[in-house]
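Beneath this line is the structure, given in structure tokens, with notes to follow.
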Amino acid sequence: MSTTLDLHSHSDASEDSRAPVEAYLNWIKLRRAELPLDGIVLTEHRQFNREADYRPLEDKFGVMVLRASEVETNYGHMLVFGVNDDILARFDFANIRLDAQTLIDEVAKMGGLVVPCHPGRPNIGLCEHYETQPPLGNVVAVEVLNGGSRKGEDERSIELVRRYGYRAVGGSDSHLVSLIGLCATRFDADIRSIDGLVAQLRSGEYQPVDFRPRRKPVPHAVAVETR
Amino acid sequence: MALEFDQSLIGRVFEVTDPVSVTPEKIARFCAAIGETNPLYTDAEAAKKGPYGGLVAPPSFAVMFRNGRNFFEHVPRFGRRGFDAGKDAEFVAPIRPGDSITLTSHVKEVYEKTGRTGSMVFVVIRSTLKNQRDEVVAHIDHRFMNRQ
Amino acid sequence: MKNFSDIQIGNTIGPREQFVSKDECRAFAHSSGFAAPRFTDDEGARKEGLPGMILPGNMSLGLLSKFVTDWIGPEGGAQLVRISTTYRVPVQPDHTLVFQGFVTHSVPEERTAEIDVWIENEEAERLVTGTATVRFDK
């Protein structure tokens, strides 16, 4: 049995999102035909919520909720899966200047996994940093499909994966309810927990999936200078 | 490395502006500028029969009131320039022609993050708008982004 | 007139296309009393490192608010009680902007609906995103 998860999403616990978790789950439940998701991973900016209990919402909507974090490093933004007390004691997630290599290595030792997100994005993605700094070691996978990408950004990420042989995942990076799940990752295996997700990201079979509808571009209007 | 600024600024009111009067002309100019044609906001006669019993300003008119000269003295500055990164506006009561609006403002929050354009410091200013009867008409959280 | 019971999660608002001219952009900047060069002329905007004139953030907020109040309609029956905006990409005038919204959530006890709203350019790139809360009288 396969599992499809949106690996990158922000609820109203992130300062730049106003999307309640409940609204995300209800949206997925109502749109299952277009969004065949089994669950979402909340990756709040620069924080990890140890206390939150989403089990009642999971039961109500039949959508799994896993928790991770999006942190900021000298090689751009990265998703940290499998966050535990050891990792939280070792790293200050609010620090926007974390050392990427230390983070990747130590999180792996402590049972988690770091996945650089939107690598094709200027300044906060891996690609640009690889032009001026040596490539990172121990990178397993990067996010090549990101729902917030601008033109060319995902293409740069795909090129990076080709060059360095990284595995590829997808996530919506949703900050709005109606954008949840538009990019996701399909795993061949059954995943029921964050530890199961970390194990699959390390050594399972998976690929990014794109559920974005395509809107026809509006023809460019003729510019009229009336001054 | 934590951000360095005067932490005592957070939550302290730095500004109470002089009252600004709302004229029908100001509302009409705002409506014209966004292409507003809704009679509740543009037609005094028709608006009399509407839910507000008279002409009111469109809700977003509330974001047009600005902080005064104290702003740049009391708001922490980082880097060279600030940009408007977004607003969170809560509209509590309608603003009507003849109202006189006062802003009371404080720094709500300061935080750092990195984005496509580099390191940024966000300063969130909360302004509460009151009318001449001391009734709150709106709360506006204004996110200023400073590039470092 | 819209009632709370008519609202369903997943309802769409728009899409609506609107051409915003440079003159309209200038008129807004002047009406707001903040006619900085980046809002009034291309040369001034380029000096600030922008591709050309851009809409003031408050104009985008005003246009998105109008998009929601137009959906409510002139009969009333509901009010826009909150809007939150994020300016992701500068909005340039002399382009056709596409406004779009989705009802995403509702709170029956408060008779409120949450709506995602955004402004896209011709290439379907989201320039300004936001959320709005509408409260219904009944």
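Letters A, B, ... go to the chains of the structure tokens in the order shown; residues in each chain start at 1; ligands are counted from 1 in the same order.
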
Taking only C-alpha atoms into account, produce a table as CSV in which each residue of segment 60-130 of chain C with an atom at most 10 Å from an atom of segment 132-147 of chain B appears once, together with its shortest atom pair and the distance in Å to one decimal, ordered by chain and rising number.
residue,atom,partner,partner_atom,distance
C:Val81,CA,B:Ala138,CA,9.3
C:Arg82,CA,B:Ala138,CA,9.3
C:Ile83,CA,B:Ile140,CA,9.7
C:Ser84,CA,B:Asp141,CA,8.9
C:Thr85,CA,B:Arg143,CA,9.7
C:Thr86,CA,B:Arg143,CA,9.0

Find the residues of chain B that sit at most 6 Å from chain C; for each, write down the nearest two atoms and how far apart they are in Å, to one decimal. Count only C-alpha atoms. Sort by chain, then by number going up, and give it as a Markdown table.
| residue | atom | partner | partner_atom | distance |
| --- | --- | --- | --- | --- |
| B:Ala33 | CA | C:Phe28 | CA | 4.9 |
| B:Asn38 | CA | C:Pro74 | CA | 5.8 |
| B:Ser60 | CA | C:Gly62 | CA | 5.4 |
| B:Ala85 | CA | C:Tyr87 | CA | 5.4 |
| B:Gly86 | CA | C:Thr86 | CA | 4.4 |
| B:Lys87 | CA | C:Thr85 | CA | 5.3 |
| B:Asp88 | CA | C:Ser84 | CA | 4.0 |
| B:Ala89 | CA | C:Ile83 | CA | 5.3 |
| B:Glu90 | CA | C:Arg82 | CA | 4.3 |
| B:Phe91 | CA | C:Val81 | CA | 4.8 |

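Note that atom CA of Gly50 of chain B and atom CA of Cys31 of chain B are 17.7 Å apart.
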
Q.
Give me, as a list in words, all polymer residues having an atom no more than 12 Å from Gly53 of chain B, counting only C-alpha atoms and skipping those fewer than 2 positions away in the same chain.
A. Leu40, Tyr41, Asp43, Ala44, Glu45, Ala46, Ala47, Lys48, Lys49, Gly50, Pro51, Leu55, Val56, Pro94 and Arg96 of chain B; Gly76 of chain C

Give me the chain B side of the contact with chain A, cut-off 12 Å, one line per residue showing its nearest atom pair and distance in Å at one decimal, counting only C-alpha atoms, sorted by chain and residue number, as CSV.
residue,atom,partner,partner_atom,distance
B:Met1,CA,A:Asn95,CA,7.3
B:Ala2,CA,A:Asn95,CA,8.0
B:Leu3,CA,A:Asn95,CA,10.3
B:Ala85,CA,A:Asp16,CA,10.5
B:Gly86,CA,A:Asp16,CA,9.7
B:Lys87,CA,A:Asp16,CA,10.8
B:Asp88,CA,A:Arg18,CA,10.3
B:Glu109,CA,A:Glu15,CA,10.6
B:Val110,CA,A:Glu15,CA,11.3
B:Tyr111,CA,A:Ala94,CA,9.6
B:Glu112,CA,A:Ile96,CA,7.4
B:Lys113,CA,A:Ile96,CA,6.3
B:Thr114,CA,A:Ile124,CA,6.8
B:Gly115,CA,A:Ile124,CA,5.9
B:Arg116,CA,A:Pro122,CA,5.0
B:Thr117,CA,A:Asn123,CA,6.5
B:Gly118,CA,A:Asn123,CA,6.0
B:Ser119,CA,A:Ile96,CA,8.7
B:Met120,CA,A:Ile96,CA,10.3
B:Val121,CA,A:Ile96,CA,11.1
B:Phe122,CA,A:Glu15,CA,10.6
B:Val124,CA,A:Glu15,CA,11.0
B:Arg143,CA,A:Asp16,CA,10.3

Q: as an MDAnalysis selection string, list the residues of chain C assigned to helix (DSSP H, G or I) by DSSP on the backbone atoms of this structure.
A: chainID C and resid 4:6 22:31 37:40 42:47 57:72 108:110
